[in-house]
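Asks: One structure follows; several queries about it will come next.
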Amino acid sequence: MKVIFDTDPGIDDAMALLYLSKLPKVELLGITTVVGNADINGTTRNALFLKERFGISAPVIRGAGETLDGVAKPAADAVHGANGLGDVLLPMIDETTLRPGTASDFIIETLRAHPGEVTIVAVGRMTNLALALRKDPGVAKLANGVVIMGGAFGYKGRLGNVTPAAEANIHGDPVAADEVFGAAWPVVAVGLDVTHEIVLSNDYLAELGRDGGENGQLIADMSAYYARFYGEFLGIDGVVGHDLLAVTYLVHPEWFTTRLGPVRVLTDGIAVGQTIQAVSDRHPAWAGRPAQLVCTDIDAEAVLEHYRTIVTG
Ligand code: BDR
Ligand code: CA
């Protein structure tokens with residue numbers, strides 16, 4: 001399975017990338033970066049660091065540093081640390097290994113080179129994907145699919161994390177997200193409804209550190225910062241594994257319950273970034289939009305077991 005990983009590393013982005021890089025059926029074609037958990041220089045540096053550290057051969061391509069709504073949002077330092085990776089010490093990064101060009105052009109070129117074969121896993125703001133669509137709308141039909149970590153649809157009574165209404169990746173660029181949900185590619189949204197079911201407890205993280213070699217240890221070290229945030233603000237023992245679930249969906253969609261219907265994103269107002277799925281496209285604001293899949297439930301035990309097996313294997 002050919003995959004482009006679009007990311008804003010990010011501690012859970014790093015967890016997801018390690019997992020993705022170890023999945024035997026996945027052929028990673030490129031890692032595209034976007035502003036989010038750090039500014040674009042930070043997320044790109046982090047992606048280059050992780051590529052090197054995890055022994056990934058696919059290139060890193062720098063993506064959007066500004067979002068389509070033109071509204072700057074501060075990085076979530078309290079969640080991911082000032083460097084985006086839980087403030088673990090990073091070595092000097094050789095930026096000459098960065099592949100020239102932009103993320104959106106890379107997405108276009110790659111979808112055109114492998115029609116029908118490439119799945120985009122997007123675990124940050126959806127700016128690069130929307131830019132690709134704006135430059136070359138025809139590419140939507142060439143994608144095998146798009147799996148995003150994003151949204152909060154209220155299916156398990158849970159709404160936003162960054163505001164009471166909105167999830168961070170969607171809130172970060174709601175205009176881009178609305179365009180991505182409205183395009184002619186099949187989208188699967190893995191949102192807070194299901195990601196909050198996956199808690200990697202502090203014991204579980206310690207085990208990854210113990211049994212997962214030096215990369216398992218890196219995940220455990222980065223997670224210490226993340227776990228402090230979850231403990232202090234949400235009373236959770238451990239961390240929520242948001243982004244890794246988009247990767248799980250690629251290989252085990254049967255562990256997810258989904259609902260089909262068109263999705264809109266609120267692009268202004270106090271609930272900006274809210275994601276709303278309709279059952280049909282009869283309402284004018286949803287009319288003519290493609291039906292997309294939203295995850296409503298998950299087999300948490302199976303996911304946690306699989307992640308442990310792959311990362312420590
Ligand atoms: C999402 O926001 C980011 O901070 C995380 O990496 C994840 O992609 C969760 O809302
Ligand atoms: Ca992310």
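Each chain of the structure tokens is named A, B, ... in the order shown, its residues numbered from 1; ligands are numbered from 1 in display order.
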DSSP on the backbone, then: every residue of range 136-172 of chain A marked strand (DSSP E), written as a list in words.
Replies: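 Those residues are Gly145, Val146, Val147, Ile148 and Met149 of chain A.
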Asks: Output C-alpha atoms for every residue in the selection just made, as a compact mmCIF listing (two decimals), in the first residue's frame.
Replies:
# COMPACT_ATOMS: atom_id res chain seq x y z
CA GLY A 145 -8.22 7.58 -0.26
CA VAL A 146 -7.44 10.08 2.49
CA VAL A 147 -7.39 9.10 6.15
CA ILE A 148 -7.29 12.09 8.46
CA MET A 149 -6.89 12.48 12.19
Asks: Using only C-alpha atoms and all ligand atoms, which protein or nucleic acid residues are at most 8 Å from ligand 2, as a compact mmCIF listing (two decimals) with C-alpha atoms, in the first residue's frame?
Replies:
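Below you can see out_38.txt, which holds the result:
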# COMPACT_ATOMS: atom_id res chain seq x y z
CA THR A 7 2.23 15.61 9.50
CA ASP A 8 3.14 18.31 12.05
CA PRO A 9 5.42 16.42 14.44
CA GLY A 10 4.25 16.44 17.27
CA ILE A 11 4.60 13.65 19.84
CA ASP A 12 1.65 11.56 18.64
CA ASP A 13 2.77 12.25 15.05
CA GLY A 36 0.85 22.94 13.74
CA ASN A 37 2.50 21.48 16.80
CA VAL A 123 -2.46 13.98 10.86
CA GLY A 124 -2.03 17.74 10.97
CA ARG A 125 -3.86 20.74 9.51
CA MET A 149 -6.89 12.48 12.19
CA ASN A 169 -6.19 19.95 13.32
CA HIS A 242 -4.59 10.49 18.39
CA ASP A 243 -2.47 10.27 15.23
Asks: Between CA of Gln274 in chain A and CA of Ile170 in chain A, what is the spacing in Å?
Replies: 7.6 Å
Asks: Out of A:Ile107, A:Leu304, A:Ala122, A:Ala168, which residue has the shortest atom-to-atom distance to ligand 1 when counting only C-alpha atoms and all ligand atoms?
Replies: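 The shortest atom-to-atom distance to ligand 1 comes from A:Ala168.
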Asks: Just asking: which residues within range 156-270 of chain A are alpha helix (DSSP H) according to DSSP, as number ranges by chain?
Replies: A: 168-172, 174-182, 192-195, 202-211, 213-234, 244-251
Asks: May I ask for the distance between CA of Tyr230 in chain A and CA of Asn202 in chain A, given in Å to one decimal place?
Replies: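 Atom-to-atom, CA of Tyr230 in chain A and CA of Asn202 in chain A are spaced 10.9 Å apart.
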Asks: Have a look at A:Leu48, A:Met222, A:Ala278, A:Val162 and name the one nearest to ligand 1; count only C-alpha atoms and all ligand atoms.
Replies: A:Val162
Asks: Given the choices A:Thr96, A:Thr119, A:Ser104, A:Ser57, which gets closest to Val247 in chain A if the distance is worked out from only C-alpha atoms?
Replies: A:Thr119
Asks: Could you pull the residues within 7 Å of Trp286 in chain A, counting only C-alpha atoms, minus those fewer than 4 positions along the same chain, as a PyMOL selection string?
Replies: chain A and resi 262+264+281-282
Asks: With a distance cut-off of 10 Å and only C-alpha atoms, select the neighbouring residues of Asn46 in chain A, excluding the residue or stretch itself and same-chain residues fewer than 6 positions from it, and output the selection as a PyMOL selection string.
Replies: chain A and resi 8-11+14+33+38+40+52+83-85+90+93
Asks: If you measure from CA of Gly55 in chain A to CA of Gly42 in chain A, what distance in Å do you get, rounded to one decimal?
Replies: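 Going from CA of Gly55 in chain A over to CA of Gly42 in chain A, I get 19.8 Å.
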Asks: Between A:Thr257, A:Ala103, A:Val251, A:Gly288, which residue has the minimum interatomic distance to Leu23 in chain A, considering only C-alpha atoms?
Replies: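 For Leu23 in chain A, the nearest of the given residues is A:Val251.
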Asks: Select, from A:Leu129, A:Ile120, A:Ala183, A:Val294, the residue with the minimum atom-to-atom distance to Lys141 in chain A, counting only C-alpha atoms.
Replies: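 The answer is A:Ala183, which sits nearest to Lys141 in chain A.
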Asks: Do you know which residues are at most 10 Å from Val71 in chain A counting only C-alpha atoms, after dropping those on the same chain fewer than 5 positions away, and could you put them as a ChimeraX atom specification?
Replies: /A:66,172-173
Asks: Find the spatial neighbours of Val311 in chain A, counting only C-alpha atoms, within a cut-off of 12 Å - ignore same-chain residues fewer than 6 positions away - and output them as a CSV table (one decimal) with N, CA and C atoms, in the first residue's frame.
Replies:
chain,number,residue,atom,x,y,z
A,14,ALA,N,4.9,11.5,15.9
A,14,ALA,CA,6.1,10.6,16.0
A,14,ALA,C,5.7,9.2,16.3
A,15,MET,N,4.7,9.0,17.2
A,15,MET,CA,4.3,7.7,17.5
A,15,MET,C,3.7,7.0,16.3
A,16,ALA,N,2.9,7.8,15.5
A,16,ALA,CA,2.3,7.3,14.3
A,16,ALA,C,3.3,7.0,13.2
A,17,LEU,N,4.3,7.8,13.1
A,17,LEU,CA,5.3,7.6,12.0
A,17,LEU,C,6.1,6.4,12.3
A,18,LEU,N,6.5,6.1,13.6
A,18,LEU,CA,7.3,4.9,13.9
A,18,LEU,C,6.5,3.7,13.5
A,19,TYR,N,5.2,3.7,13.9
A,19,TYR,CA,4.3,2.6,13.7
A,19,TYR,C,4.2,2.4,12.1
A,20,LEU,N,3.9,3.4,11.4
A,20,LEU,CA,3.8,3.4,10.0
A,20,LEU,C,5.0,2.8,9.3
A,21,SER,N,6.2,3.2,9.8
A,21,SER,CA,7.4,2.8,9.2
A,21,SER,C,7.7,1.3,9.4
A,22,LYS,N,7.0,0.7,10.4
A,22,LYS,CA,7.3,-0.7,10.7
A,22,LYS,C,6.2,-1.6,10.2
A,23,LEU,N,5.2,-1.1,9.5
A,23,LEU,CA,4.2,-1.9,9.0
A,23,LEU,C,4.6,-2.6,7.7
A,54,PHE,N,14.4,6.8,12.7
A,54,PHE,CA,13.6,5.6,12.4
A,54,PHE,C,14.1,4.8,11.2
A,204,TYR,N,2.0,1.3,30.2
A,204,TYR,CA,2.1,0.9,28.8
A,204,TYR,C,3.3,1.6,28.1
A,205,LEU,N,3.5,2.9,28.4
A,205,LEU,CA,4.6,3.7,27.8
A,205,LEU,C,5.9,3.2,28.3
A,207,GLU,N,6.6,0.2,29.2
A,207,GLU,CA,6.8,-1.1,28.5
A,207,GLU,C,7.4,-0.8,27.1
A,208,LEU,N,6.8,0.2,26.4
A,208,LEU,CA,7.3,0.5,25.1
A,208,LEU,C,8.8,0.9,25.2
A,209,GLY,N,9.1,1.7,26.2
A,209,GLY,CA,10.5,2.1,26.4
A,209,GLY,C,11.4,0.9,26.7
A,210,ARG,N,10.9,0.0,27.5
A,210,ARG,CA,11.7,-1.2,27.9
A,210,ARG,C,11.9,-2.2,26.8
A,211,ASP,N,10.8,-2.4,26.0
A,211,ASP,CA,10.9,-3.5,25.0
A,211,ASP,C,11.0,-3.1,23.6
A,212,GLY,N,10.9,-1.7,23.4
A,212,GLY,CA,10.9,-1.2,22.0
A,212,GLY,C,12.2,-0.7,21.5
A,213,GLY,N,13.3,-1.1,22.1
A,213,GLY,CA,14.6,-0.6,21.6
A,213,GLY,C,14.7,0.9,21.8
A,214,GLU,N,15.7,1.5,21.1
A,214,GLU,CA,16.0,2.9,21.3
A,214,GLU,C,14.8,3.8,20.8
A,215,ASN,N,14.1,3.3,19.8
A,215,ASN,CA,13.0,4.1,19.3
A,215,ASN,C,11.8,4.0,20.2
A,216,GLY,N,11.6,2.9,20.8
A,216,GLY,CA,10.5,2.8,21.8
A,216,GLY,C,10.8,3.7,23.0
A,217,GLN,N,12.1,3.7,23.3
A,217,GLN,CA,12.6,4.6,24.4
A,217,GLN,C,12.3,6.1,24.1
A,218,LEU,N,12.6,6.4,22.8
A,218,LEU,CA,12.4,7.8,22.4
A,218,LEU,C,10.9,8.2,22.6
A,219,ILE,N,10.0,7.2,22.2
A,219,ILE,CA,8.6,7.5,22.3
A,219,ILE,C,8.2,7.7,23.8
A,220,ALA,N,8.8,6.8,24.6
A,220,ALA,CA,8.5,6.9,26.1
A,220,ALA,C,9.0,8.3,26.6
A,244,LEU,N,-1.8,8.0,15.8
A,244,LEU,CA,-1.5,6.6,15.5
A,244,LEU,C,-2.8,5.9,15.0
A,304,LEU,N,-4.5,-1.1,20.9
A,304,LEU,CA,-3.4,-1.0,21.8
A,304,LEU,C,-2.4,-2.2,21.7
A,305,GLU,N,-3.0,-3.4,21.5
A,305,GLU,CA,-2.2,-4.6,21.4
A,305,GLU,C,-1.4,-4.6,20.1
Asks: For Ala166 in chain A, which residue out of A:Asp87, A:Asp297, A:Asp268, A:Asp94 is the nearest one, using only C-alpha atoms?
Replies: A:Asp268
